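Structure first, commentary second.
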Amino acid sequence: MERRLYEHNLGHSKFTSTGTPWTLVYSEEMEDLILAKRRELKIKKMKSRTYIENLIRKGNP
């Protein structure tokens, strides 16, 4: 996670270059990379600010 956050803050990506510095406000520990990527895609597919704010507010499961 630290590496990804660092890469986001480098600003090399068009999407992540705005809004720097990025800070980590939510994370989940997963058993493996495949499950982690599935969970990330599920959260991104929600495209709901309310859903994401609720995740952050409730904290890590």
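If you're wondering about the labels, chains in the structure tokens are A, B, ... by order shown, residues count from 1 in each chain, ligands from 1 in order shown.
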Worksheet entry | Spatial neighbours of stretch 1-15 of chain A, 12 Å, only C-alpha atoms, chain gap at least 3 places, as an MDAnalysis selection string | chainID A and resid 18:29 33 36
Practice prompt. Please give the complete set of residues from chain A that DSSP, run on the backbone, assigns to helix (DSSP H, G or I), formatted as a PyMOL selection string.
Written response: chain A and resi 2-10+33-46+49-58
Output N, CA and C atoms for every residue in the selection just made, as an mmCIF file, in the first residue's frame.
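Output (again.cif):
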```
data_model
loop_
_atom_site.group_PDB
_atom_site.id
_atom_site.type_symbol
_atom_site.label_atom_id
_atom_site.label_comp_id
_atom_site.auth_asym_id
_atom_site.auth_seq_id
_atom_site.Cartn_x
_atom_site.Cartn_y
_atom_site.Cartn_z
ATOM 1 N N GLU A 2 1.941 1.213 0.763
ATOM 2 C CA GLU A 2 2.810 2.385 0.817
ATOM 3 C C GLU A 2 3.364 2.725 -0.562
ATOM 4 N N ARG A 3 3.730 1.699 -1.325
ATOM 5 C CA ARG A 3 4.272 1.930 -2.664
ATOM 6 C C ARG A 3 3.224 2.571 -3.571
ATOM 7 N N ARG A 4 1.997 2.075 -3.519
ATOM 8 C CA ARG A 4 0.935 2.637 -4.373
ATOM 9 C C ARG A 4 0.630 4.075 -4.003
ATOM 10 N N LEU A 5 0.595 4.365 -2.716
ATOM 11 C CA LEU A 5 0.348 5.733 -2.273
ATOM 12 C C LEU A 5 1.476 6.648 -2.752
ATOM 13 N N TYR A 6 2.707 6.170 -2.634
ATOM 14 C CA TYR A 6 3.867 6.928 -3.105
ATOM 15 C C TYR A 6 3.746 7.205 -4.608
ATOM 16 N N GLU A 7 3.380 6.185 -5.381
ATOM 17 C CA GLU A 7 3.233 6.347 -6.825
ATOM 18 C C GLU A 7 2.117 7.327 -7.165
ATOM 19 N N HIS A 8 1.027 7.286 -6.437
ATOM 20 C CA HIS A 8 -0.063 8.240 -6.658
ATOM 21 C C HIS A 8 0.441 9.665 -6.444
ATOM 22 N N ASN A 9 1.224 9.861 -5.415
ATOM 23 C CA ASN A 9 1.702 11.197 -5.076
ATOM 24 C C ASN A 9 2.800 11.702 -6.009
ATOM 25 N N LEU A 10 3.392 10.822 -6.820
ATOM 26 C CA LEU A 10 4.380 11.275 -7.805
ATOM 27 C C LEU A 10 3.727 12.121 -8.896
ATOM 28 N N LEU A 33 -3.946 -11.401 -3.289
ATOM 29 C CA LEU A 33 -4.039 -10.303 -4.243
ATOM 30 C C LEU A 33 -5.297 -10.382 -5.096
ATOM 31 N N ILE A 34 -5.710 -11.574 -5.463
ATOM 32 C CA ILE A 34 -6.911 -11.731 -6.295
ATOM 33 C C ILE A 34 -8.141 -11.211 -5.559
ATOM 34 N N LEU A 35 -8.299 -11.597 -4.301
ATOM 35 C CA LEU A 35 -9.435 -11.109 -3.510
ATOM 36 C C LEU A 35 -9.364 -9.601 -3.326
ATOM 37 N N ALA A 36 -8.169 -9.083 -3.139
ATOM 38 C CA ALA A 36 -7.993 -7.642 -2.958
ATOM 39 C C ALA A 36 -8.413 -6.880 -4.212
ATOM 40 N N LYS A 37 -8.020 -7.378 -5.368
ATOM 41 C CA LYS A 37 -8.384 -6.712 -6.620
ATOM 42 C C LYS A 37 -9.893 -6.788 -6.868
ATOM 43 N N ARG A 38 -10.505 -7.922 -6.541
ATOM 44 C CA ARG A 38 -11.962 -8.049 -6.683
ATOM 45 C C ARG A 38 -12.680 -7.039 -5.793
ATOM 46 N N ARG A 39 -12.204 -6.913 -4.558
ATOM 47 C CA ARG A 39 -12.827 -5.975 -3.622
ATOM 48 C C ARG A 39 -12.656 -4.537 -4.111
ATOM 49 N N GLU A 40 -11.468 -4.209 -4.589
ATOM 50 C CA GLU A 40 -11.216 -2.867 -5.113
ATOM 51 C C GLU A 40 -12.156 -2.556 -6.278
ATOM 52 N N LEU A 41 -12.316 -3.507 -7.199
ATOM 53 C CA LEU A 41 -13.213 -3.302 -8.338
ATOM 54 C C LEU A 41 -14.661 -3.135 -7.889
ATOM 55 N N LYS A 42 -15.065 -3.910 -6.880
ATOM 56 C CA LYS A 42 -16.435 -3.795 -6.374
ATOM 57 C C LYS A 42 -16.683 -2.396 -5.816
ATOM 58 N N ILE A 43 -15.730 -1.893 -5.043
ATOM 59 C CA ILE A 43 -15.874 -0.553 -4.470
ATOM 60 C C ILE A 43 -15.907 0.492 -5.579
ATOM 61 N N LYS A 44 -15.021 0.365 -6.562
ATOM 62 C CA LYS A 44 -14.976 1.332 -7.659
ATOM 63 C C LYS A 44 -16.244 1.285 -8.507
ATOM 64 N N LYS A 45 -16.835 0.095 -8.681
ATOM 65 C CA LYS A 45 -18.052 -0.033 -9.479
ATOM 66 C C LYS A 45 -19.247 0.635 -8.807
ATOM 67 N N MET A 46 -19.214 0.759 -7.498
ATOM 68 C CA MET A 46 -20.331 1.382 -6.787
ATOM 69 C C MET A 46 -20.525 2.824 -7.257
ATOM 70 N N ARG A 49 -20.487 8.150 -3.854
ATOM 71 C CA ARG A 49 -19.750 8.865 -2.815
ATOM 72 C C ARG A 49 -20.273 8.472 -1.432
ATOM 73 N N THR A 50 -21.595 8.314 -1.307
ATOM 74 C CA THR A 50 -22.198 7.940 -0.032
ATOM 75 C C THR A 50 -21.703 6.575 0.428
ATOM 76 N N TYR A 51 -21.643 5.611 -0.489
ATOM 77 C CA TYR A 51 -21.171 4.267 -0.159
ATOM 78 C C TYR A 51 -19.739 4.326 0.361
ATOM 79 N N ILE A 52 -18.889 5.052 -0.338
ATOM 80 C CA ILE A 52 -17.484 5.157 0.058
ATOM 81 C C ILE A 52 -17.345 5.909 1.377
ATOM 82 N N GLU A 53 -18.105 6.979 1.564
ATOM 83 C CA GLU A 53 -18.058 7.716 2.833
ATOM 84 C C GLU A 53 -18.499 6.829 3.990
ATOM 85 N N ASN A 54 -19.494 5.983 3.769
ATOM 86 C CA ASN A 54 -19.937 5.056 4.814
ATOM 87 C C ASN A 54 -18.855 4.038 5.154
ATOM 88 N N LEU A 55 -18.137 3.537 4.145
ATOM 89 C CA LEU A 55 -17.023 2.624 4.403
ATOM 90 C C LEU A 55 -15.989 3.293 5.300
ATOM 91 N N ILE A 56 -15.635 4.516 4.960
ATOM 92 C CA ILE A 56 -14.622 5.251 5.725
ATOM 93 C C ILE A 56 -15.111 5.498 7.147
ATOM 94 N N ARG A 57 -16.362 5.921 7.271
ATOM 95 C CA ARG A 57 -16.919 6.247 8.586
ATOM 96 C C ARG A 57 -16.973 5.016 9.496
ATOM 97 N N LYS A 58 -17.345 3.873 8.926
ATOM 98 C CA LYS A 58 -17.444 2.643 9.716
ATOM 99 C C LYS A 58 -16.077 2.080 10.067
#
```
